[in-house]
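Engineer: Pasting a structure here, questions to come.
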Amino acid sequence: MVYNENMDGKSFALLTFGCQMNVHDAERIAGILLEAGWREVQPEEAEAVILLTCCVRESAEERLYGRLASLRPWKEERGILVAVGGCLAQKEGRRLMERAPHVDLVFGTHQFPRIAELLEEAAARRICALEMDGLRLADLPARRRENFRAWVTITHGCDNFCSYCVVPYVRGREVSRPLGEILEEVGRLVAEGAREINLLGQNVNSYRLREEGRSRFADLLRLLGREFPEVWIRFTTSHPRDFDRRIMEAIAETENVCEHVHLPVQAGSDRVLQAMNRGYLAEDYLRKVEELRRLVDGVVLTTDLMVGFPGETEEDFRRTLELVERCRFDAAFTFIYNPRPGTAASRLGDDVPREVKLERLERLAELTRRLTAESLRRRVGRVETVMVEGRSRKDEKTWKARTRGNQLVHFPKGSEDLTGMLAMVAITSSGSWSMHGELIRVC
Ligand code: SAM
Ligand code: SF4
């Protein structure tokens, strides 16, 4: 979707690679530029093309360089301005400018509030702006892609330094946003029509832990639940070390906090978990999952898993399979470890052969696919309250919606626009990734 009310302004297009953090940063960048009088267009017509990147995994990085190469003819023919921002820009800095001489502007993860002035300056000379001097999000506009769903950053940066991860180096130390600022932003979004608020942070569970020596995340959930009883509240990502009973109880006891927890475990072997610097052992994780399932009725539990961490043996990997079976995850993202320059793990050597990593990934994915299908099948015959996301891309007459547990449901219905509405749906069948149902009523 592009917005172009500023008919006379200069034009820009945004291309985003990577995780939800980048997608949300893109909303901010677009908001700032629109407010500064720019207009958003398709990349083929843009005077400035801005690429927003992730560098958590190598694949996003490769895609970025591929896309950058494809912009060179536009630079030569039309003289477009090329800008690259986000994690990869922060990590690569001047190297990126050397590798891609047609890039005019590289801006880091703390620099996007200055995007309008940086683009103006970059029209005259190449700029590399990487200072990490604190990110202030208050009062920054955002152009949201969806009206009914909104993302609200509650912490930025990360202090955990998991040994494989580049995030703390490219997004800086963890900082929690002031409570008043979050409440104000959520209030504005709700007034603009948001029905679902997604709280965002690399480790939302440590909200204010650094500042107050105690996590206030459970309090934040309860407060938002009370202040905005009509909206659904979701949050991501949780860290198993800081995910505690107070948070579980807040989810259980706050009616409009959705019963979905994304709790990345990464691995099932204690040796690997310790080498990853995750701060918990497999038994700790299993105990928390058991407690969560006991306290939060019908909770949907999802996770991230990694194979091929340095030194991972077949025995270590089997422990991951075992833990996954015992947790009965409702869904999982599975990744192949790849060394990220500058991280502690990159100094351990990447000693698991590629074929072994691929074979483990396939075995793990087969297991998680089975668990997902089983989780969906268990819901057949139930009635679920869902929030409607919009029409299915494949079939105009079918609506796409999500349960409180964030599972996908399709159901048929005539022409009335249901986007952003709550509905009761009877689940009639399930597949590998989604369920089908019949609409009972719109709430
Ligand atoms: N802060 C969140 C957390 O701790 O789960 C998200 C971090 S990261 C953006 C999302 C996932 O990418 C991680 O959970 C991890 O599984 C994966 N990941 C991070 N670094 C990786 C690496 N070097 N190789 C492969 N996967 C990686
Ligand atoms: Fe990376 Fe670990 Fe921080 Fe997640 S918690 S962003 S994996 S360092």
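Naming scheme: A, B, ... for chains in displayed order of the structure tokens; residues 1 onward per chain; ligands 1 onward as shown.
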Residues within 10 Å of Glu230 in chain A, please, as a PDB file with N, CA, C and O atoms, in the first residue's frame. Count only C-alpha atoms; anything in the same chain fewer than 4 positions from it doesn't count.
Structural biologist:
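Saved as around14.pdb:
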```pdb
ATOM      1  N   VAL A 190      -5.577   3.584  19.631  1.00  0.00           N
ATOM      2  CA  VAL A 190      -6.938   3.076  19.842  1.00  0.00           C
ATOM      3  C   VAL A 190      -7.945   4.111  19.329  1.00  0.00           C
ATOM      4  O   VAL A 190      -8.926   3.772  18.654  1.00  0.00           O
ATOM      5  N   ALA A 194      -7.352   1.333  16.206  1.00  0.00           N
ATOM      6  CA  ALA A 194      -6.669   0.045  16.425  1.00  0.00           C
ATOM      7  C   ALA A 194      -7.510  -0.839  17.347  1.00  0.00           C
ATOM      8  O   ALA A 194      -8.031  -0.379  18.352  1.00  0.00           O
ATOM      9  N   ARG A 195      -7.638  -2.113  16.977  1.00  0.00           N
ATOM     10  CA  ARG A 195      -8.372  -3.078  17.816  1.00  0.00           C
ATOM     11  C   ARG A 195      -7.415  -4.107  18.410  1.00  0.00           C
ATOM     12  O   ARG A 195      -7.793  -4.931  19.220  1.00  0.00           O
ATOM     13  N   GLU A 196      -6.186  -4.085  17.911  1.00  0.00           N
ATOM     14  CA  GLU A 196      -5.194  -5.040  18.423  1.00  0.00           C
ATOM     15  C   GLU A 196      -3.867  -4.300  18.582  1.00  0.00           C
ATOM     16  O   GLU A 196      -3.399  -3.668  17.643  1.00  0.00           O
ATOM     17  N   GLY A 225      -4.504  -3.677  29.969  1.00  0.00           N
ATOM     18  CA  GLY A 225      -5.761  -4.434  29.945  1.00  0.00           C
ATOM     19  C   GLY A 225      -6.899  -3.629  30.558  1.00  0.00           C
ATOM     20  O   GLY A 225      -8.013  -3.607  30.045  1.00  0.00           O
ATOM     21  N   ARG A 226      -6.583  -2.943  31.668  1.00  0.00           N
ATOM     22  CA  ARG A 226      -7.609  -2.157  32.372  1.00  0.00           C
ATOM     23  C   ARG A 226      -7.980  -0.895  31.590  1.00  0.00           C
ATOM     24  O   ARG A 226      -9.135  -0.561  31.434  1.00  0.00           O
ATOM     25  N   GLU A 255      -8.411 -10.188  30.884  1.00  0.00           N
ATOM     26  CA  GLU A 255      -9.316 -10.711  29.886  1.00  0.00           C
ATOM     27  C   GLU A 255      -8.852 -10.463  28.438  1.00  0.00           C
ATOM     28  O   GLU A 255      -8.896 -11.343  27.590  1.00  0.00           O
ATOM     29  N   ASN A 256      -8.375  -9.233  28.166  1.00  0.00           N
ATOM     30  CA  ASN A 256      -8.067  -8.904  26.766  1.00  0.00           C
ATOM     31  C   ASN A 256      -6.598  -9.117  26.395  1.00  0.00           C
ATOM     32  O   ASN A 256      -6.177  -8.738  25.307  1.00  0.00           O
TER      33      ASN A 256
END
```
Engineer: Compile the contact shell of Leu130 in chain A as an MDAnalysis selection string: residues with an atom at most 7 Å away, counting only C-alpha atoms, same-chain residues fewer than 2 positions apart removed.
Structural biologist: chainID A and resid 90 107:108 111 128 132
Engineer: Hey, what's within 12 Å of range 379-384 of chain A if we count only C-alpha atoms and toss same-chain stuff fewer than 6 positions away? As a PyMOL selection string, please?
Structural biologist: chain A and resi 298+300+330+372-373+401-411+422-431+434-443
Engineer: Hey, what's within 12 Å of Arg287 in chain A if we count only C-alpha atoms and toss same-chain stuff fewer than 2 positions away? As a PDB file with N, CA, C and O atoms, in the first residue's frame, please?
Structural biologist:
```
ATOM      1  N   PRO A 240      12.833 -16.793  27.937  1.00  0.00           N
ATOM      2  CA  PRO A 240      12.538 -17.789  28.972  1.00  0.00           C
ATOM      3  C   PRO A 240      13.131 -17.454  30.340  1.00  0.00           C
ATOM      4  O   PRO A 240      12.532 -17.763  31.370  1.00  0.00           O
ATOM      5  N   ARG A 241      14.302 -16.808  30.375  1.00  0.00           N
ATOM      6  CA  ARG A 241      14.904 -16.520  31.682  1.00  0.00           C
ATOM      7  C   ARG A 241      14.030 -15.543  32.489  1.00  0.00           C
ATOM      8  O   ARG A 241      13.880 -15.658  33.694  1.00  0.00           O
ATOM      9  N   PHE A 243      10.764 -14.786  31.876  1.00  0.00           N
ATOM     10  CA  PHE A 243       9.332 -15.062  31.805  1.00  0.00           C
ATOM     11  C   PHE A 243       8.938 -15.755  33.108  1.00  0.00           C
ATOM     12  O   PHE A 243       9.304 -16.901  33.342  1.00  0.00           O
ATOM     13  N   ASP A 244       8.215 -15.051  33.976  1.00  0.00           N
ATOM     14  CA  ASP A 244       7.974 -15.611  35.304  1.00  0.00           C
ATOM     15  C   ASP A 244       6.481 -15.748  35.616  1.00  0.00           C
ATOM     16  O   ASP A 244       5.627 -15.378  34.816  1.00  0.00           O
ATOM     17  N   ARG A 245       6.230 -16.263  36.833  1.00  0.00           N
ATOM     18  CA  ARG A 245       4.862 -16.541  37.248  1.00  0.00           C
ATOM     19  C   ARG A 245       3.979 -15.292  37.237  1.00  0.00           C
ATOM     20  O   ARG A 245       2.809 -15.345  36.884  1.00  0.00           O
ATOM     21  N   TYR A 280      19.357 -20.177  30.960  1.00  0.00           N
ATOM     22  CA  TYR A 280      18.452 -21.183  31.526  1.00  0.00           C
ATOM     23  C   TYR A 280      18.884 -22.543  31.003  1.00  0.00           C
ATOM     24  O   TYR A 280      19.606 -22.629  29.997  1.00  0.00           O
ATOM     25  N   LEU A 281      18.441 -23.578  31.696  1.00  0.00           N
ATOM     26  CA  LEU A 281      18.698 -24.948  31.253  1.00  0.00           C
ATOM     27  C   LEU A 281      17.390 -25.560  30.760  1.00  0.00           C
ATOM     28  O   LEU A 281      16.311 -25.004  31.013  1.00  0.00           O
ATOM     29  N   ALA A 282      17.491 -26.720  30.111  1.00  0.00           N
ATOM     30  CA  ALA A 282      16.292 -27.343  29.529  1.00  0.00           C
ATOM     31  C   ALA A 282      15.213 -27.571  30.594  1.00  0.00           C
ATOM     32  O   ALA A 282      14.033 -27.312  30.366  1.00  0.00           O
ATOM     33  N   GLU A 283      15.639 -28.051  31.788  1.00  0.00           N
ATOM     34  CA  GLU A 283      14.644 -28.327  32.856  1.00  0.00           C
ATOM     35  C   GLU A 283      13.919 -27.049  33.292  1.00  0.00           C
ATOM     36  O   GLU A 283      12.740 -27.065  33.593  1.00  0.00           O
ATOM     37  N   ASP A 284      14.663 -25.927  33.358  1.00  0.00           N
ATOM     38  CA  ASP A 284      14.040 -24.640  33.739  1.00  0.00           C
ATOM     39  C   ASP A 284      12.950 -24.305  32.733  1.00  0.00           C
ATOM     40  O   ASP A 284      11.854 -23.858  33.085  1.00  0.00           O
ATOM     41  N   TYR A 285      13.290 -24.505  31.466  1.00  0.00           N
ATOM     42  CA  TYR A 285      12.330 -24.163  30.411  1.00  0.00           C
ATOM     43  C   TYR A 285      11.088 -25.052  30.520  1.00  0.00           C
ATOM     44  O   TYR A 285       9.957 -24.571  30.494  1.00  0.00           O
ATOM     45  N   VAL A 289       7.135 -24.041  31.082  1.00  0.00           N
ATOM     46  CA  VAL A 289       6.076 -24.407  30.133  1.00  0.00           C
ATOM     47  C   VAL A 289       4.949 -25.129  30.854  1.00  0.00           C
ATOM     48  O   VAL A 289       3.763 -24.856  30.628  1.00  0.00           O
ATOM     49  N   GLU A 290       5.327 -26.009  31.756  1.00  0.00           N
ATOM     50  CA  GLU A 290       4.310 -26.749  32.519  1.00  0.00           C
ATOM     51  C   GLU A 290       3.449 -25.775  33.338  1.00  0.00           C
ATOM     52  O   GLU A 290       2.214 -25.858  33.346  1.00  0.00           O
ATOM     53  N   GLU A 291       4.120 -24.826  33.985  1.00  0.00           N
ATOM     54  CA  GLU A 291       3.412 -23.843  34.813  1.00  0.00           C
ATOM     55  C   GLU A 291       2.502 -22.965  33.945  1.00  0.00           C
ATOM     56  O   GLU A 291       1.346 -22.699  34.287  1.00  0.00           O
ATOM     57  N   LEU A 292       3.034 -22.571  32.787  1.00  0.00           N
ATOM     58  CA  LEU A 292       2.254 -21.721  31.874  1.00  0.00           C
ATOM     59  C   LEU A 292       0.992 -22.441  31.423  1.00  0.00           C
ATOM     60  O   LEU A 292      -0.116 -21.885  31.443  1.00  0.00           O
ATOM     61  N   ARG A 293       1.147 -23.709  31.034  1.00  0.00           N
ATOM     62  CA  ARG A 293      -0.024 -24.454  30.545  1.00  0.00           C
ATOM     63  C   ARG A 293      -1.046 -24.663  31.664  1.00  0.00           C
ATOM     64  O   ARG A 293      -2.237 -24.709  31.417  1.00  0.00           O
ATOM     65  N   ARG A 294      -0.546 -24.769  32.896  1.00  0.00           N
ATOM     66  CA  ARG A 294      -1.445 -24.952  34.030  1.00  0.00           C
ATOM     67  C   ARG A 294      -2.202 -23.658  34.338  1.00  0.00           C
ATOM     68  O   ARG A 294      -3.395 -23.678  34.591  1.00  0.00           O
ATOM     69  N   LEU A 323      12.966 -32.262  23.741  1.00  0.00           N
ATOM     70  CA  LEU A 323      12.338 -31.112  24.404  1.00  0.00           C
ATOM     71  C   LEU A 323      11.137 -30.619  23.588  1.00  0.00           C
ATOM     72  O   LEU A 323      10.089 -30.292  24.138  1.00  0.00           O
ATOM     73  N   ARG A 326       8.262 -32.865  24.205  1.00  0.00           N
ATOM     74  CA  ARG A 326       7.675 -32.690  25.543  1.00  0.00           C
ATOM     75  C   ARG A 326       6.898 -31.383  25.651  1.00  0.00           C
ATOM     76  O   ARG A 326       5.897 -31.318  26.354  1.00  0.00           O
ATOM     77  N   CYS A 327       7.343 -30.342  24.972  1.00  0.00           N
ATOM     78  CA  CYS A 327       6.654 -29.041  25.077  1.00  0.00           C
ATOM     79  C   CYS A 327       5.407 -28.987  24.196  1.00  0.00           C
ATOM     80  O   CYS A 327       4.580 -28.110  24.363  1.00  0.00           O
TER      81      CYS A 327
END
```
Engineer: Show me, as CSV, the residues of chain A having an atom within 8 Å of ligand 2, each with the closest atom pair and its distance in Å, using only C-alpha atoms and all ligand atoms.
Structural biologist:
```
residue,atom,partner,partner_atom_place_in_ligand_line,distance
A:Gly157,CA,ligand 2,6 (S),7.7
A:Cys158,CA,ligand 2,3 (Fe),4.8
A:Asp159,CA,ligand 2,3 (Fe),6.3
A:Asn160,CA,ligand 2,8 (S),4.7
A:Phe161,CA,ligand 2,8 (S),4.1
A:Cys162,CA,ligand 2,8 (S),4.2
A:Ser163,CA,ligand 2,8 (S),7.2
A:Tyr164,CA,ligand 2,7 (S),7.5
A:Cys165,CA,ligand 2,1 (Fe),4.6
A:Val166,CA,ligand 2,1 (Fe),6.4
A:Val167,CA,ligand 2,6 (S),5.1
A:Pro168,CA,ligand 2,8 (S),5.8
A:Gln202,CA,ligand 2,6 (S),4.9
A:Asn203,CA,ligand 2,5 (S),5.9
A:Thr237,CA,ligand 2,4 (Fe),7.9
A:His239,CA,ligand 2,5 (S),6.4
A:Arg278,CA,ligand 2,2 (Fe),7.0
```
Engineer: The selected residues should be written to file as a JSON list (two decimals), in the first residue's frame (atoms: C-alpha atoms).
Structural biologist:
```json
[["chain", "number", "residue", "atom", "x", "y", "z"],
["A", 157, "GLY", "CA", 18.02, -2.77, 22.01],
["A", 158, "CYS", "CA", 19.07, -5.87, 23.93],
["A", 159, "ASP", "CA", 21.42, -6.62, 26.83],
["A", 160, "ASN", "CA", 21.33, -10.39, 26.68],
["A", 161, "PHE", "CA", 24.28, -11.03, 24.39],
["A", 162, "CYS", "CA", 23.26, -14.53, 23.37],
["A", 163, "SER", "CA", 26.56, -15.72, 21.93],
["A", 164, "TYR", "CA", 25.24, -16.22, 18.37],
["A", 165, "CYS", "CA", 23.33, -12.98, 18.07],
["A", 166, "VAL", "CA", 24.26, -9.70, 16.49],
["A", 167, "VAL", "CA", 21.29, -7.68, 17.77],
["A", 168, "PRO", "CA", 22.95, -6.13, 20.88],
["A", 202, "GLN", "CA", 13.68, -8.16, 21.85],
["A", 203, "ASN", "CA", 12.85, -9.26, 25.39],
["A", 237, "THR", "CA", 9.33, -11.64, 22.13],
["A", 239, "HIS", "CA", 12.76, -14.54, 26.97],
["A", 278, "ARG", "CA", 20.82, -18.16, 27.20]]
```
Engineer: Could you pull out all residues of range 209-368 of chain A with a DSSP call of helix (DSSP H, G or I) and give them as number ranges by chain?
Structural biologist: A: 209-212, 217-227, 245-253, 270-275, 282-295, 314-327, 345-347, 354-368
Engineer: Distance table requested - chain A against ligand 1, cut-off 10 Å, only C-alpha atoms and all ligand atoms: one row per qualifying residue with the closest atom pair and its distance in Å to one decimal, ordered by chain and rising residue number, as a Markdown table.
Structural biologist:
```
| residue | atom | partner | partner_atom_place_in_ligand_line | distance |
| --- | --- | --- | --- | --- |
| A:Gly18 | CA | ligand 1 | 9 (C) | 8.5 |
| A:Cys19 | CA | ligand 1 | 9 (C) | 6.5 |
| A:Gln20 | CA | ligand 1 | 9 (C) | 8.5 |
| A:Met21 | CA | ligand 1 | 9 (C) | 8.3 |
| A:Cys54 | CA | ligand 1 | 9 (C) | 8.5 |
| A:Cys55 | CA | ligand 1 | 20 (N) | 8.7 |
| A:Val56 | CA | ligand 1 | 20 (N) | 5.0 |
| A:Arg57 | CA | ligand 1 | 22 (C) | 5.3 |
| A:Glu58 | CA | ligand 1 | 24 (N) | 7.6 |
| A:Ser59 | CA | ligand 1 | 25 (C) | 9.6 |
| A:Gly157 | CA | ligand 1 | 1 (N) | 9.3 |
| A:Cys158 | CA | ligand 1 | 1 (N) | 7.6 |
| A:Asn160 | CA | ligand 1 | 4 (O) | 8.2 |
| A:Phe161 | CA | ligand 1 | 4 (O) | 9.5 |
| A:Cys162 | CA | ligand 1 | 4 (O) | 7.8 |
| A:Ser163 | CA | ligand 1 | 23 (N) | 8.5 |
| A:Tyr164 | CA | ligand 1 | 23 (N) | 4.6 |
| A:Cys165 | CA | ligand 1 | 20 (N) | 4.3 |
| A:Val166 | CA | ligand 1 | 20 (N) | 6.6 |
| A:Val167 | CA | ligand 1 | 9 (C) | 7.1 |
| A:Pro168 | CA | ligand 1 | 1 (N) | 9.6 |
| A:Leu200 | CA | ligand 1 | 1 (N) | 9.9 |
| A:Gly201 | CA | ligand 1 | 1 (N) | 7.2 |
| A:Gln202 | CA | ligand 1 | 1 (N) | 3.7 |
| A:Asn203 | CA | ligand 1 | 1 (N) | 5.5 |
| A:Val204 | CA | ligand 1 | 1 (N) | 8.7 |
| A:Thr236 | CA | ligand 1 | 2 (C) | 8.1 |
| A:Thr237 | CA | ligand 1 | 2 (C) | 5.4 |
| A:Ser238 | CA | ligand 1 | 5 (O) | 7.0 |
| A:His239 | CA | ligand 1 | 4 (O) | 5.9 |
| A:Pro240 | CA | ligand 1 | 4 (O) | 8.8 |
| A:His262 | CA | ligand 1 | 5 (O) | 8.2 |
| A:Leu263 | CA | ligand 1 | 5 (O) | 7.0 |
| A:Pro264 | CA | ligand 1 | 5 (O) | 4.9 |
| A:Val265 | CA | ligand 1 | 14 (O) | 7.7 |
| A:Gln266 | CA | ligand 1 | 16 (O) | 5.6 |
| A:Ala267 | CA | ligand 1 | 16 (O) | 9.1 |
| A:Arg278 | CA | ligand 1 | 4 (O) | 8.7 |
| A:Thr303 | CA | ligand 1 | 14 (O) | 7.8 |
| A:Asp304 | CA | ligand 1 | 16 (O) | 4.7 |
| A:Leu305 | CA | ligand 1 | 16 (O) | 5.2 |
| A:Met306 | CA | ligand 1 | 16 (O) | 5.4 |
| A:Val307 | CA | ligand 1 | 25 (C) | 8.0 |
| A:Gly308 | CA | ligand 1 | 25 (C) | 8.8 |
| A:Phe309 | CA | ligand 1 | 24 (N) | 8.1 |
| A:Ala332 | CA | ligand 1 | 16 (O) | 9.8 |
| A:Phe333 | CA | ligand 1 | 16 (O) | 7.4 |
| A:Thr334 | CA | ligand 1 | 16 (O) | 7.0 |
| A:Phe335 | CA | ligand 1 | 26 (N) | 5.1 |
| A:Ile336 | CA | ligand 1 | 25 (C) | 5.1 |
| A:Tyr337 | CA | ligand 1 | 24 (N) | 3.6 |
| A:Asn338 | CA | ligand 1 | 24 (N) | 4.1 |
| A:Pro339 | CA | ligand 1 | 23 (N) | 5.1 |
| A:Arg340 | CA | ligand 1 | 23 (N) | 5.3 |
| A:Pro341 | CA | ligand 1 | 23 (N) | 9.0 |
| A:Thr343 | CA | ligand 1 | 23 (N) | 8.4 |
| A:Ala345 | CA | ligand 1 | 23 (N) | 8.3 |
| A:Ser346 | CA | ligand 1 | 23 (N) | 8.5 |
```
Engineer: So that I can see what lies close to range 312-317 of chain A, please list as a ChimeraX atom specification the residues with an atom at most 8 Å from it, counting only C-alpha atoms and leaving out residues fewer than 6 positions away in the same chain.
Structural biologist: /A:267-269,271-272,352,360
Engineer: Could you take the residues named above and write them with C-alpha atoms, as a CSV table (one decimal), in the first residue's frame?
Structural biologist:
```csv
chain,number,residue,atom,x,y,z
A,267,ALA,CA,18.0,-25.8,21.8
A,268,GLY,CA,17.3,-28.7,24.2
A,269,SER,CA,20.9,-29.5,25.3
A,271,ARG,CA,25.7,-27.7,27.1
A,272,VAL,CA,24.5,-25.9,24.0
A,352,VAL,CA,28.9,-28.7,12.0
A,360,ARG,CA,18.9,-31.9,11.3
```
Engineer: In terms of the shortest atom-to-atom distance over only C-alpha atoms, which of A:Asp104, A:Glu27, A:Asp242, A:Glu253 is closest to Glu120 in chain A?
Structural biologist: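 Closest to Glu120 in chain A, using only C-alpha atoms: A:Asp104.
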Engineer: Using CA of Thr155 in chain A and CA of Val175 in chain A as the two end points, give the distance in Å to one decimal.
Structural biologist: 5.5 Å
Engineer: Grab the CA of Arg328 in chain A to CA of Arg370 in chain A distance for me, in Å with one decimal place.
Structural biologist: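 Value for the CA of Arg328 in chain A-CA of Arg370 in chain A distance: 9.9 Å.
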Engineer: For range 240-330 of chain A against range 206-221 of chain A, with a cut-off of 8 Å and counting only C-alpha atoms, what is the closest atom pair and its distance in Å to one decimal for every residue that makes the cut, ordered by chain and number, as CSV?
Structural biologist:
```
residue,atom,partner,partner_atom,distance
A:Asp242,CA,A:Ser206,CA,6.3
A:Arg246,CA,A:Ala218,CA,6.0
A:Ile247,CA,A:Ala218,CA,4.6
A:Ala250,CA,A:Ala218,CA,5.6
A:Ile251,CA,A:Leu221,CA,7.4
A:Thr254,CA,A:Leu221,CA,7.6
A:Val257,CA,A:Leu221,CA,7.2
```
Engineer: Between CA of Arg393 in chain A and CA of Arg39 in chain A, measure the distance and give it in Å to one decimal.
Structural biologist: 26.7 Å
Engineer: Write out as a VMD selection string all residues of range 237-423 of chain A that DSSP puts in strand (DSSP E) for this structure's backbone.
Structural biologist: chain A and resid 260 to 262 300 to 307 331 to 336 383 to 391 398 to 403 408 to 412 422 to 423
Engineer: Would you export the selected residues with C-alpha atoms as a PDB file, in the first residue's frame, please?
Structural biologist:
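Result went into again.pdb, see below:
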```pdb
ATOM      1  CA  HIS A 260      -0.243 -16.626  22.895  1.00  0.00           C
ATOM      2  CA  VAL A 261       3.343 -16.774  24.112  1.00  0.00           C
ATOM      3  CA  HIS A 262       6.289 -16.830  21.731  1.00  0.00           C
ATOM      4  CA  VAL A 300      -0.769 -21.294  22.344  1.00  0.00           C
ATOM      5  CA  LEU A 301       2.979 -21.721  22.714  1.00  0.00           C
ATOM      6  CA  THR A 302       5.375 -21.023  19.869  1.00  0.00           C
ATOM      7  CA  THR A 303       9.162 -20.975  19.737  1.00  0.00           C
ATOM      8  CA  ASP A 304      12.384 -20.451  17.761  1.00  0.00           C
ATOM      9  CA  LEU A 305      14.828 -23.326  17.323  1.00  0.00           C
ATOM     10  CA  MET A 306      18.318 -23.409  15.938  1.00  0.00           C
ATOM     11  CA  VAL A 307      20.352 -26.332  14.598  1.00  0.00           C
ATOM     12  CA  ALA A 331       4.242 -23.785  16.017  1.00  0.00           C
ATOM     13  CA  ALA A 332       7.967 -23.133  15.637  1.00  0.00           C
ATOM     14  CA  PHE A 333      10.402 -21.182  13.496  1.00  0.00           C
ATOM     15  CA  THR A 334      13.447 -23.306  12.710  1.00  0.00           C
ATOM     16  CA  PHE A 335      16.811 -21.847  11.724  1.00  0.00           C
ATOM     17  CA  ILE A 336      20.235 -23.055  10.677  1.00  0.00           C
ATOM     18  CA  VAL A 383     -15.992 -22.192  18.702  1.00  0.00           C
ATOM     19  CA  GLU A 384     -13.244 -19.565  18.600  1.00  0.00           C
ATOM     20  CA  THR A 385     -13.383 -15.792  18.843  1.00  0.00           C
ATOM     21  CA  VAL A 386     -11.297 -14.405  16.008  1.00  0.00           C
ATOM     22  CA  MET A 387     -10.151 -11.033  14.756  1.00  0.00           C
ATOM     23  CA  VAL A 388     -10.620 -10.659  11.008  1.00  0.00           C
ATOM     24  CA  GLU A 389      -7.471  -9.576   9.114  1.00  0.00           C
ATOM     25  CA  GLY A 390      -8.987  -9.184   5.676  1.00  0.00           C
ATOM     26  CA  ARG A 391      -9.865 -11.185   2.611  1.00  0.00           C
ATOM     27  CA  THR A 398     -12.982 -16.106   2.000  1.00  0.00           C
ATOM     28  CA  TRP A 399     -11.973 -14.155   5.089  1.00  0.00           C
ATOM     29  CA  LYS A 400      -8.704 -14.595   6.936  1.00  0.00           C
ATOM     30  CA  ALA A 401      -8.728 -14.235  10.710  1.00  0.00           C
ATOM     31  CA  ARG A 402      -6.665 -15.061  13.800  1.00  0.00           C
ATOM     32  CA  THR A 403      -7.705 -16.659  17.051  1.00  0.00           C
ATOM     33  CA  LEU A 408      -4.992 -18.723  11.322  1.00  0.00           C
ATOM     34  CA  VAL A 409      -8.637 -19.422  10.401  1.00  0.00           C
ATOM     35  CA  HIS A 410     -10.348 -19.079   7.021  1.00  0.00           C
ATOM     36  CA  PHE A 411     -14.099 -18.809   6.684  1.00  0.00           C
ATOM     37  CA  PRO A 412     -16.481 -17.964   3.841  1.00  0.00           C
ATOM     38  CA  LEU A 422     -14.321  -9.717  16.079  1.00  0.00           C
ATOM     39  CA  ALA A 423     -16.320 -12.769  15.090  1.00  0.00           C
TER      40      ALA A 423
END
```
Engineer: Find the residue from A:Ser70, A:Ser176, A:Asn277, A:Ser11 that sits nearest to His102 in chain A; use only C-alpha atoms when measuring.
Structural biologist: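 Answer, going by the shortest atom-to-atom distance: A:Ser70.
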Engineer: Could you check which of A:Leu51, A:Val82, A:Ile197, A:Ala138 is closest to Glu184 in chain A, using only C-alpha atoms?
Structural biologist: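 The answer is A:Ala138, which sits nearest to Glu184 in chain A.
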Engineer: Have a look at A:Glu325, A:Asp351, A:Glu77, A:Glu396 and name the one nearest to Glu366 in chain A; count only C-alpha atoms.
Structural biologist: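 Distance minimum relative to Glu366 in chain A lands on A:Glu325.
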Engineer: Applying 6 Å and only C-alpha atoms, which residues near Gly31 in chain A remain after dropping the ones on its own chain fewer than 3 positions away? List them as an NGL selection string.
Structural biologist: :A and (28 or 34 or 141-143)
